[in-house]
>>> print(open('final.tsv').read())   # TSV, C-alpha atoms (C1' of nucleotides)
chain	number	residue	atom	x	y	z
K	1	MET	CA	76.24	130.31	103.32
K	2	LEU	CA	77.30	127.43	101.12
K	3	ALA	CA	79.31	129.60	98.78
K	4	ALA	CA	81.24	131.07	101.71
K	5	ARG	CA	81.76	128.17	104.07
K	6	GLY	CA	81.06	125.17	101.90
K	7	PHE	CA	79.05	122.13	102.82
K	8	GLY	CA	81.49	121.26	105.55
K	9	GLY	CA	80.67	124.49	107.34
K	10	LEU	CA	76.94	124.32	106.87
K	11	THR	CA	74.94	124.27	110.11
K	12	LEU	CA	71.28	124.84	110.78
K	13	ARG	CA	72.07	127.61	113.24
K	14	ALA	CA	74.22	129.46	110.76
K	15	VAL	CA	71.49	129.21	108.16
K	16	ALA	CA	68.89	130.44	110.60
K	17	GLY	CA	71.15	133.19	111.85
K	18	GLU	CA	71.74	134.40	108.32
K	19	MET	CA	67.98	134.94	108.02
K	20	GLY	CA	67.72	136.51	111.45
K	21	ALA	CA	65.71	133.55	112.65
K	22	THR	CA	66.25	130.49	114.81
K	23	THR	CA	66.66	126.81	114.16
K	24	GLY	CA	62.98	126.29	114.91
K	25	LEU	CA	62.10	127.98	111.65
K	26	VAL	CA	64.41	125.76	109.65
K	27	THR	CA	63.25	122.55	111.25
K	28	HIS	CA	59.67	123.66	110.76
K	29	TYR	CA	60.11	123.53	107.01
K	30	PHE	CA	62.69	120.80	106.66
K	31	PRO	CA	62.46	117.48	108.46
K	32	SER	CA	66.23	117.05	108.44
K	33	LYS	CA	69.43	118.72	107.42
K	34	ARG	CA	69.74	116.36	104.53
K	35	ALA	CA	66.38	117.55	103.22
K	36	LEU	CA	67.62	121.11	103.51
K	37	VAL	CA	70.68	120.31	101.47
K	38	ARG	CA	68.62	118.52	98.88
K	39	HIS	CA	66.27	121.44	98.61
K	40	ALA	CA	69.16	123.88	98.33
K	41	LEU	CA	70.62	121.96	95.42
K	42	GLU	CA	67.25	121.77	93.74
K	43	VAL	CA	66.75	125.49	94.16
K	44	LEU	CA	70.22	126.17	92.85
K	45	ASP	CA	69.54	123.99	89.84
K	46	ARG	CA	66.23	125.67	89.14
K	47	ARG	CA	67.67	129.11	89.63
K	48	SER	CA	70.55	128.35	87.28
K	49	ALA	CA	68.02	127.31	84.67
K	50	GLY	CA	65.82	130.32	85.16
K	51	ARG	CA	68.22	133.15	85.84
K	52	PRO	CA	68.94	135.88	83.33
K	53	ARG	CA	71.46	134.24	81.10
K	54	PRO	CA	73.75	136.88	79.68
K	55	ALA	CA	75.01	134.67	76.92
K	56	GLU	CA	72.05	132.55	75.96
K	57	GLU	CA	69.22	135.02	76.21
K	58	ARG	CA	70.17	136.91	73.10
K	59	VAL	CA	70.62	133.77	71.09
K	60	GLY	CA	66.98	133.09	70.34
K	61	GLN	CA	66.54	130.74	67.45
K	62	ALA	CA	70.14	130.90	66.38
K	63	SER	CA	72.14	128.04	64.95
K	64	GLY	CA	73.03	124.91	66.89
K	65	LEU	CA	76.65	125.90	67.30
K	66	VAL	CA	75.78	129.33	68.63
K	67	ARG	CA	73.38	127.82	71.12
K	68	LEU	CA	75.91	125.24	72.20
K	69	ARG	CA	78.37	128.02	72.82
K	70	ALA	CA	75.80	129.96	74.82
K	71	VAL	CA	75.04	126.96	77.02
K	72	LEU	CA	78.71	126.37	77.68
K	73	LEU	CA	79.35	130.00	78.55
K	74	ASP	CA	76.41	130.06	80.93
K	75	VAL	CA	78.06	127.42	83.06
K	76	LEU	CA	81.27	129.35	83.60
K	77	PRO	CA	81.98	131.55	86.63
K	78	LEU	CA	82.19	134.72	84.57
K	79	ASP	CA	80.88	137.03	87.30
K	80	GLY	CA	80.35	137.12	91.05
K	81	PRO	CA	77.05	135.24	91.24
K	82	GLY	CA	78.28	132.74	88.70
K	83	ALA	CA	81.34	132.08	90.80
K	84	ALA	CA	79.22	131.69	93.95
K	85	ASN	CA	76.92	129.25	92.22
K	86	ASN	CA	79.83	127.23	90.97
K	87	ARG	CA	81.46	127.16	94.37
K	88	ILE	CA	78.33	125.60	95.76
K	89	TRP	CA	78.04	123.22	92.90
K	90	VAL	CA	81.63	122.04	93.11
K	91	GLY	CA	81.39	121.79	96.87
K	92	SER	CA	78.29	119.65	96.63
K	93	TRP	CA	80.29	116.95	94.92
K	94	ASP	CA	81.84	115.92	98.21
K	95	VAL	CA	78.55	115.28	99.96
K	96	ALA	CA	76.99	113.85	96.78
K	97	LEU	CA	79.77	111.32	96.27
K	98	ALA	CA	79.15	110.04	99.79
K	99	ASP	CA	75.36	109.91	99.39
K	100	PRO	CA	74.06	107.56	96.69
K	101	GLU	CA	70.74	109.34	96.36
K	102	LEU	CA	72.34	112.73	95.88
K	103	ALA	CA	74.84	111.19	93.51
K	104	ALA	CA	72.02	109.82	91.40
K	105	GLU	CA	70.36	113.22	91.26
K	106	HIS	CA	73.62	114.80	90.20
K	107	ALA	CA	74.13	112.17	87.55
K	108	ALA	CA	70.64	112.83	86.24
K	109	ARG	CA	71.26	116.56	86.11
K	110	TYR	CA	74.44	116.17	84.14
K	111	ARG	CA	72.84	113.67	81.82
K	112	ARG	CA	70.03	116.10	81.06
K	113	ALA	CA	72.56	118.83	80.35
K	114	ARG	CA	74.45	116.53	78.01
K	115	GLU	CA	71.32	115.53	76.17
K	116	ARG	CA	70.43	119.14	75.69
K	117	MET	CA	73.87	119.85	74.31
K	118	ALA	CA	73.71	116.77	72.13
K	119	GLY	CA	70.61	118.24	70.50
K	120	TYR	CA	72.47	121.41	69.66
K	121	VAL	CA	75.42	119.41	68.39
K	122	ALA	CA	73.21	117.34	66.10
K	123	GLU	CA	71.62	120.52	64.86
K	124	ALA	CA	75.01	122.03	64.16
K	125	GLN	CA	76.05	118.88	62.37
K	126	ARG	CA	72.99	118.97	60.13
K	127	ALA	CA	73.72	122.60	59.36
K	128	GLY	CA	77.29	121.76	58.49
K	129	GLU	CA	78.72	123.88	61.32
K	130	LEU	CA	80.30	120.82	62.86
K	131	PRO	CA	81.67	117.75	61.09
K	132	ALA	CA	79.05	115.03	60.82
K	133	GLY	CA	81.40	112.21	61.73
K	134	PRO	CA	81.59	112.17	65.51
K	135	ASP	CA	78.69	110.98	67.65
K	136	ALA	CA	76.68	113.90	68.97
K	137	GLY	CA	76.52	112.34	72.44
K	138	ASP	CA	80.29	112.03	72.56
K	139	VAL	CA	80.75	115.61	71.48
K	140	ALA	CA	78.31	116.78	74.12
K	141	ALA	CA	79.99	114.73	76.84
K	142	ALA	CA	83.36	116.10	75.82
K	143	ALA	CA	82.09	119.66	75.77
K	144	GLN	CA	80.59	119.33	79.21
K	145	SER	CA	83.79	117.80	80.50
K	146	PHE	CA	85.62	120.78	79.17
K	147	VAL	CA	83.48	123.40	80.86
K	148	LEU	CA	83.23	121.53	84.14
K	149	GLY	CA	86.97	121.28	84.40
K	150	LEU	CA	87.34	124.87	83.37
K	151	VAL	CA	85.00	125.87	86.18
K	152	VAL	CA	87.15	124.07	88.72
K	153	GLN	CA	90.36	125.64	87.53
K	154	ALA	CA	88.80	129.08	87.32
K	155	LEU	CA	87.54	128.81	90.90
K	156	PHE	CA	90.95	127.91	92.27
K	157	ALA	CA	92.95	130.31	90.10
K	158	PRO	CA	90.66	133.24	89.24
K	159	GLU	CA	93.53	135.52	88.31
K	160	GLU	CA	94.87	132.95	85.84
K	161	PHE	CA	91.43	132.35	84.39
K	162	PRO	CA	89.74	135.73	84.07
K	163	PRO	CA	86.42	135.80	82.21
K	164	VAL	CA	88.04	136.81	78.92
K	165	ARG	CA	90.34	133.84	79.00
K	166	GLN	CA	87.55	131.47	79.95
K	167	VAL	CA	85.55	132.63	76.95
K	168	ALA	CA	88.59	132.45	74.73
K	169	LEU	CA	89.29	128.89	75.83
K	170	VAL	CA	85.71	127.85	75.10
K	171	ASP	CA	85.89	129.51	71.70
K	172	GLY	CA	89.17	127.79	71.02
K	173	TYR	CA	87.62	124.49	71.97
K	174	LEU	CA	84.65	125.06	69.66
K	175	ALA	CA	86.96	126.09	66.87
K	176	GLY	CA	88.79	122.81	67.30
K	177	LEU	CA	85.51	120.97	67.11
K	178	ALA	CA	84.56	122.74	63.92
K	179	ALA	CA	87.93	122.01	62.35
K	180	GLY	CA	87.47	118.35	63.15
C	1	MET	CA	87.96	106.72	104.74
C	2	LEU	CA	87.83	109.80	102.56
C	3	ALA	CA	86.98	107.87	99.43
C	4	ALA	CA	84.07	106.20	101.18
C	5	ARG	CA	82.57	108.89	103.39
C	6	GLY	CA	84.02	112.05	101.93
C	7	PHE	CA	85.43	114.96	103.85
C	8	GLY	CA	82.07	115.64	105.44
C	9	GLY	CA	82.16	112.25	107.11
C	10	LEU	CA	85.77	112.39	108.22
C	11	THR	CA	86.29	112.12	111.97
C	12	LEU	CA	89.39	111.45	114.01
C	13	ARG	CA	87.69	108.53	115.71
C	14	ALA	CA	86.79	106.92	112.42
C	15	VAL	CA	90.34	107.32	111.16
C	16	ALA	CA	91.75	105.85	114.35
C	17	GLY	CA	89.21	103.04	114.33
C	18	GLU	CA	90.13	102.15	110.77
C	19	MET	CA	93.69	101.57	111.99
C	20	GLY	CA	92.59	99.71	115.11
C	21	ALA	CA	93.86	102.54	117.24
C	22	THR	CA	92.45	105.41	119.26
C	23	THR	CA	92.25	109.13	118.79
C	24	GLY	CA	95.29	109.53	120.98
C	25	LEU	CA	97.47	108.11	118.23
C	26	VAL	CA	96.11	110.53	115.66
C	27	THR	CA	96.49	113.55	117.88
C	28	HIS	CA	99.99	112.45	118.76
C	29	TYR	CA	101.09	112.89	115.17
C	30	PHE	CA	98.83	115.71	114.06
C	31	PRO	CA	98.25	118.84	116.08
C	32	SER	CA	94.81	119.33	114.58
C	33	LYS	CA	92.33	117.80	112.22
C	34	ARG	CA	93.15	120.41	109.65
C	35	ALA	CA	96.78	119.29	109.70
C	36	LEU	CA	95.61	115.73	109.19
C	37	VAL	CA	93.60	116.75	106.15
C	38	ARG	CA	96.50	118.72	104.79
C	39	HIS	CA	98.83	115.78	105.23
C	40	ALA	CA	96.34	113.44	103.61
C	41	LEU	CA	96.14	115.62	100.52
C	42	GLU	CA	99.89	115.90	100.36
C	43	VAL	CA	100.27	112.14	100.63
C	44	LEU	CA	97.64	111.65	97.98
C	45	ASP	CA	99.42	114.06	95.70
C	46	ARG	CA	102.77	112.40	96.24
C	47	ARG	CA	101.31	108.95	95.83
C	48	SER	CA	99.64	109.96	92.58
C	49	ALA	CA	102.97	111.18	91.32
C	50	GLY	CA	104.83	108.08	92.38
C	51	ARG	CA	102.40	105.28	91.79
C	52	PRO	CA	102.80	102.80	88.97
C	53	ARG	CA	101.36	104.69	86.07
C	54	PRO	CA	99.90	102.23	83.61
C	55	ALA	CA	99.82	104.68	80.77
C	56	GLU	CA	102.88	106.82	81.29
C	57	GLU	CA	105.39	104.26	82.45
C	58	ARG	CA	105.80	102.67	79.05
C	59	VAL	CA	106.16	105.98	77.31
C	60	GLY	CA	109.75	106.65	78.17
C	61	GLN	CA	111.29	109.21	75.90
C	62	ALA	CA	108.43	109.24	73.45
C	63	SER	CA	107.13	112.25	71.60
C	64	GLY	CA	105.46	115.20	73.29
C	65	LEU	CA	102.02	114.25	72.11
C	66	VAL	CA	102.33	110.69	73.37
C	67	ARG	CA	103.49	111.94	76.73
C	68	LEU	CA	100.70	114.48	76.93
C	69	ARG	CA	98.25	111.68	76.25
C	70	ALA	CA	99.83	109.54	78.95
C	71	VAL	CA	99.58	112.32	81.53
C	72	LEU	CA	95.95	112.91	80.69
C	73	LEU	CA	95.09	109.23	80.91
C	74	ASP	CA	96.83	108.89	84.25
C	75	VAL	CA	94.40	111.38	85.77
C	76	LEU	CA	91.28	109.48	84.79
C	77	PRO	CA	89.45	107.03	87.08
C	78	LEU	CA	90.14	104.06	84.86
C	79	ASP	CA	90.30	101.50	87.67
C	80	GLY	CA	89.29	101.07	91.29
C	81	PRO	CA	92.19	102.87	92.95
C	82	GLY	CA	92.04	105.60	90.36
C	83	ALA	CA	88.37	106.14	91.10
C	84	ALA	CA	89.04	106.21	94.85
C	85	ASN	CA	91.80	108.76	94.42
C	86	ASN	CA	89.60	110.92	92.29
C	87	ARG	CA	86.74	110.73	94.74
C	88	ILE	CA	89.01	112.10	97.40
C	89	TRP	CA	90.38	114.72	95.11
C	90	VAL	CA	86.99	115.94	93.96
C	91	GLY	CA	85.67	115.85	97.51
C	92	SER	CA	88.57	117.96	98.72
C	93	TRP	CA	87.38	120.84	96.60
C	94	ASP	CA	84.63	121.60	99.06
C	95	VAL	CA	86.92	122.04	102.02
C	96	ALA	CA	89.59	123.70	99.89
C	97	LEU	CA	87.22	126.32	98.51
C	98	ALA	CA	86.34	127.28	102.09
C	99	ASP	CA	89.97	127.38	103.26
C	100	PRO	CA	92.21	129.92	101.53
C	101	GLU	CA	95.41	128.12	102.41
C	102	LEU	CA	94.21	124.81	101.05
C	103	ALA	CA	92.84	126.60	98.00
C	104	ALA	CA	96.25	128.10	97.34
C	105	GLU	CA	97.88	124.68	97.57
C	106	HIS	CA	95.37	123.26	95.17
C	107	ALA	CA	95.92	126.12	92.77
C	108	ALA	CA	99.66	125.52	92.91
C	109	ARG	CA	99.20	121.81	92.25
C	110	TYR	CA	97.09	122.44	89.20
C	111	ARG	CA	99.42	125.09	87.94
C	112	ARG	CA	102.34	122.68	88.15
C	113	ALA	CA	100.38	120.08	86.25
C	114	ARG	CA	99.54	122.61	83.57
C	115	GLU	CA	103.13	123.69	83.24
C	116	ARG	CA	104.20	120.12	82.84
C	117	MET	CA	101.62	119.61	80.14
C	118	ALA	CA	102.58	122.86	78.47
C	119	GLY	CA	106.09	121.50	78.11
C	120	TYR	CA	104.81	118.45	76.32
C	121	VAL	CA	102.58	120.59	74.15
C	122	ALA	CA	105.46	122.81	73.13
C	123	GLU	CA	107.49	119.72	72.37
C	124	ALA	CA	104.69	118.35	70.24
C	125	GLN	CA	104.40	121.66	68.46
C	126	ARG	CA	108.08	121.71	67.65
C	127	ALA	CA	107.79	118.17	66.33
C	128	GLY	CA	104.87	119.14	64.16
C	129	GLU	CA	102.49	116.82	65.99
C	130	LEU	CA	100.36	119.77	67.03
C	131	PRO	CA	99.74	122.99	65.12
C	132	ALA	CA	102.19	125.66	66.18
C	133	GLY	CA	99.62	128.42	66.27
C	134	PRO	CA	97.93	128.17	69.69
C	135	ASP	CA	99.71	129.12	72.88
C	136	ALA	CA	101.07	126.05	74.66
C	137	GLY	CA	99.79	127.30	78.01
C	138	ASP	CA	96.29	127.67	76.65
C	139	VAL	CA	96.37	124.20	75.17
C	140	ALA	CA	97.57	122.76	78.46
C	141	ALA	CA	94.90	124.61	80.43
C	142	ALA	CA	92.26	123.38	78.03
C	143	ALA	CA	93.49	119.82	78.19
C	144	GLN	CA	93.49	119.82	81.96
C	145	SER	CA	90.00	121.28	81.99
C	146	PHE	CA	88.93	118.48	79.76
C	147	VAL	CA	90.24	115.68	81.94
C	148	LEU	CA	89.14	117.26	85.19
C	149	GLY	CA	85.60	117.56	83.95
C	150	LEU	CA	85.73	114.07	82.55
C	151	VAL	CA	86.77	112.79	85.96
C	152	VAL	CA	83.74	114.39	87.56
C	153	GLN	CA	81.32	112.99	85.05
C	154	ALA	CA	82.90	109.55	85.18
C	155	LEU	CA	82.60	109.49	88.97
C	156	PHE	CA	78.92	110.33	88.93
C	157	ALA	CA	78.00	108.16	85.95
C	158	PRO	CA	80.49	105.28	85.83
C	159	GLU	CA	78.27	103.16	83.63
C	160	GLU	CA	77.99	105.93	81.06
C	161	PHE	CA	81.72	106.60	81.17
C	162	PRO	CA	83.47	103.24	81.28
C	163	PRO	CA	87.25	103.25	80.90
C	164	VAL	CA	87.10	102.59	77.17
C	165	ARG	CA	84.90	105.57	76.57
C	166	GLN	CA	87.03	107.80	78.76
C	167	VAL	CA	90.09	106.86	76.74
C	168	ALA	CA	88.19	107.30	73.50
C	169	LEU	CA	87.05	110.76	74.54
C	170	VAL	CA	90.59	111.78	75.39
C	171	ASP	CA	91.84	110.45	72.09
C	172	GLY	CA	89.07	112.27	70.29
C	173	TYR	CA	90.06	115.44	72.06
C	174	LEU	CA	93.70	115.03	71.11
C	175	ALA	CA	92.74	114.28	67.53
C	176	GLY	CA	90.81	117.53	67.47
C	177	LEU	CA	93.87	119.35	68.79
C	178	ALA	CA	96.06	117.87	66.10
C	179	ALA	CA	93.60	118.74	63.35
C	180	GLY	CA	92.61	122.19	64.64
S	1	DC	C1'	128.26	96.84	132.21
S	2	DG	C1'	124.26	98.70	135.02
S	3	DG	C1'	121.48	102.22	136.03
S	4	DT	C1'	119.32	106.46	135.48
S	5	DA	C1'	117.15	110.13	132.60
S	6	DC	C1'	114.66	111.12	128.88
S	7	DA	C1'	112.09	110.87	124.67
S	8	DT	C1'	108.83	108.44	121.97
S	9	DA	C1'	104.48	105.96	121.10
S	10	DC	C1'	100.24	105.13	122.38
S	11	DC	C1'	95.92	104.33	125.30
S	12	DC	C1'	92.57	106.16	128.26
S	13	DA	C1'	89.39	109.39	130.01
S	14	DA	C1'	87.48	113.49	130.08
S	15	DC	C1'	86.75	118.19	128.81
S	16	DG	C1'	83.88	121.84	126.64
S	17	DC	C1'	81.50	122.72	122.72
S	18	DT	C1'	78.66	122.17	118.74
S	19	DT	C1'	75.71	119.53	116.28
S	20	DG	C1'	70.98	117.80	114.53
S	21	DT	C1'	66.84	116.86	116.44
S	22	DT	C1'	62.78	117.02	119.43
S	23	DA	C1'	59.23	118.88	122.36
S	24	DC	C1'	56.70	122.61	123.86
S	25	DG	C1'	54.98	127.27	124.15
S	26	DT	C1'	53.05	131.31	121.87
S	27	DA	C1'	51.35	134.47	118.54
S	28	DC	C1'	48.60	135.17	114.53
S	29	DC	C1'	45.01	134.23	111.31
S	30	DA	C1'	40.93	131.90	109.34
Y	1	DT	C1'	38.54	126.32	117.42
Y	2	DG	C1'	42.14	124.90	114.96
Y	3	DG	C1'	45.95	125.24	112.08
Y	4	DT	C1'	50.05	127.56	110.59
Y	5	DA	C1'	54.34	130.04	111.78
Y	6	DC	C1'	57.56	130.72	114.42
Y	7	DG	C1'	60.64	131.18	119.02
Y	8	DT	C1'	62.52	128.87	123.08
Y	9	DA	C1'	64.68	125.43	125.44
Y	10	DA	C1'	66.58	121.36	126.03
Y	11	DC	C1'	68.13	116.87	124.64
Y	12	DA	C1'	71.56	113.16	123.60
Y	13	DA	C1'	75.21	112.35	120.63
Y	14	DG	C1'	79.27	113.33	118.56
Y	15	DC	C1'	82.90	116.37	117.77
Y	16	DG	C1'	88.01	118.14	118.19
Y	17	DT	C1'	91.03	118.77	121.65
Y	18	DT	C1'	93.56	118.27	126.02
Y	19	DG	C1'	96.00	116.12	129.79
Y	20	DG	C1'	97.74	112.40	132.06
Y	21	DG	C1'	99.15	107.72	132.38
Y	22	DT	C1'	102.11	103.72	130.85
Y	23	DA	C1'	104.88	100.97	128.41
Y	24	DT	C1'	109.10	100.73	125.21
Y	25	DG	C1'	112.98	102.05	123.65
Y	26	DT	C1'	117.46	104.99	123.55
Y	27	DA	C1'	121.16	107.85	125.17
Y	28	DC	C1'	124.19	109.07	128.59
Y	29	DC	C1'	127.34	108.40	132.52
Y	30	DG	C1'	129.61	106.20	136.45
>>> encode(input="final.tsv", output="structure tokens")
Amino acid sequence: MLAARGFGGLTLRAVAGEMGATTGLVTHYFPSKRALVRHALEVLDRRSAGRPRPAEERVGQASGLVRLRAVLLDVLPLDGPGAANNRIWVGSWDVALADPELAAEHAARYRRARERMAGYVAEAQRAGELPAGPDAGDVAAAAQSFVLGLVVQALFAPEEFPPVRQVALVDGYLAGLAAG
Amino acid sequence: MLAARGFGGLTLRAVAGEMGATTGLVTHYFPSKRALVRHALEVLDRRSAGRPRPAEERVGQASGLVRLRAVLLDVLPLDGPGAANNRIWVGSWDVALADPELAAEHAARYRRARERMAGYVAEAQRAGELPAGPDAGDVAAAAQSFVLGLVVQALFAPEEFPPVRQVALVDGYLAGLAAG
DNA sequence: CGGTACATACCCAACGCTTGTTACGTACCA
DNA sequence: TGGTACGTAACAAGCGTTGGGTATGTACCG
């Protein structure tokens, strides 16, 4: 629903209809539409964390730089489901920016992601894969900025940003980081 | 209106009320709400292009790298109006992703911005400010990804991304480009 | 110069529809 | 007997949109 019509086109009846049910079912489980939206975002977040990650799953206990790369690639809309997820995520920014509570949850999510990346960056710095100079938090924030923006551009211009190019751009970015 | 309540909270009555008028005025000039939204985005785009640009205006006929930096900085939410503009812009992605025509206009806007940046990149490459190896279009796409994502993060976590840090991150990114 | 015709700008009121929400009824299951 | 899981129906509110009314110009024509 959200991936197709966005948050602006989200209605309880459409949600219920998609499940072959009625609005009574939805309101039975969610006290309000806002709670539904919140739950949807939480589910999406959890699913993104728990889904089969094509890039990261084979990484195992690899080096910090390899894991950083895997995390970055997992964010990108490289396939159909990934694009759908990202459409929802990007669309949620409109409602989140107008709802302080949702905005805070988003901020927390992105902060967690940055901290995770910062750990990989620090690891890569200790291993000499990345220059030790820059602050790991800054590098992580920059890397997340890069992929977030790449997601947006890839969603609006899929033919200009096919999966191969997305990966190539990320690799180019990481190469720049390594070169310092 | 849009900066405060987002596209999900946009109503003709609220728009009219904000001007001290009625819905009749709005419908007199716009055949539909969709046309209103379209016009608003167009105005926002034009205003962004024509507003006093604190970073770029003093650049004049400077080098390609300096101009690239100025363009990137002009996108960021470094002050109140800049943040408001970016809130609208980010919020518009939800409605645009659900409306093919709006999506196409967005894609065209971002493509134009990339092409502009690519020109500066090529200029910087010719001047030896940036390594001549990478494709200018790729560098421009990467740079725009970077700032777009930085905008999103800065909007959700303003205290973690104050103007100084935003500028520092951009400069760090450009330094990496020059070195890589 | 005066008067008529017309277009513009805007308010007002209402339309039909959709929305989120609520209340109630009913089946199933412990 | 009671609680959970739904469907059904209706509610009031708000929505975009429409049509008509009324001023204020503005152009045309004798």
>>> residues_around(input="final.tsv", residues="DA27 (chain Y)", least_positions_apart="2", cutoff="12 Å", atoms="all atoms listed in the file", output="ChimeraX atom specification")
/S:4-7 /Y:25,29
>>> write_last_selection(input="final.tsv", atoms="C-alpha atoms (C1' of nucleotides)", output="PDB file, keeping the file's coordinate frame")
ATOM      1  C1'  DT S   4     119.320 106.460 135.480  1.00  0.00           C
ATOM      2  C1'  DA S   5     117.150 110.130 132.600  1.00  0.00           C
ATOM      3  C1'  DC S   6     114.660 111.120 128.880  1.00  0.00           C
ATOM      4  C1'  DA S   7     112.090 110.870 124.670  1.00  0.00           C
TER       5       DA S   7
ATOM      6  C1'  DG Y  25     112.980 102.050 123.650  1.00  0.00           C
ATOM      7  C1'  DC Y  29     127.340 108.400 132.520  1.00  0.00           C
TER       8       DC Y  29
END
>>> residues_around(input="final.tsv", residues="Asp138 (chain K)", least_positions_apart="5", cutoff="9 Å", atoms="only C-alpha atoms (C1' of nucleotides)", output="PyMOL selection string")
(chain K and resi 118+143) or (chain C and resi 165+169)
>>> atom_distance(input="final.tsv", atom1="CA of Ala141 (chain C)", atom2="CA of Ala175 (chain K)")
15.8 Å
>>> closest_atom_pairs(input="final.tsv", of="chain C", to="chain S", cutoff="10 Å", atoms="all atoms listed in the file", output="Markdown table")
| residue | atom | partner | partner_atom | distance |
| --- | --- | --- | --- | --- |
| C:Ala21 | CA | S:DC11 | C1' | 8.5 |
| C:Thr22 | CA | S:DC11 | C1' | 7.0 |
| C:Thr23 | CA | S:DC11 | C1' | 8.9 |
| C:Gly24 | CA | S:DC10 | C1' | 6.8 |
| C:Leu25 | CA | S:DC10 | C1' | 5.8 |
| C:Val26 | CA | S:DC10 | C1' | 9.6 |
| C:His28 | CA | S:DC10 | C1' | 8.2 |
| C:Tyr29 | CA | S:DA9 | C1' | 9.7 |
>>> closest_residue(input="final.tsv", among="K:Leu10, K:Ala122, K:Ala16, K:Ala127", to="chain C", atoms="only C-alpha atoms")
K:Leu10
>>> interface_residues(input="final.tsv", of="chain Y", to="chain K", cutoff="9 Å", atoms="all atoms listed in the file", output="list of chain:residue names")
Y:DA5, Y:DC6, Y:DG7, Y:DT8
>>> interface_residues(input="final.tsv", of="chain C", to="chain K", cutoff="9 Å", atoms="only C-alpha atoms", output="JSON, numbers by chain")
{"C": [3, 4, 5, 6, 7, 8, 9, 87, 88, 90, 91, 92, 93, 94, 95, 96, 97, 98, 99, 103, 104, 106, 107, 108, 110, 111, 134, 138, 139, 141, 142, 143, 144, 145, 146, 147, 148, 149, 150, 151, 152, 153, 155, 156, 157, 165, 169, 170, 172, 173, 175, 176, 177, 178, 179, 180]}
>>> atom_distance(input="final.tsv", atom1="CA of Ala35 (chain K)", atom2="CA of Thr11 (chain K)")
12.9 Å
>>> atom_distance(input="final.tsv", atom1="CA of Tyr120 (chain K)", atom2="CA of Ala132 (chain K)")
12.7 Å
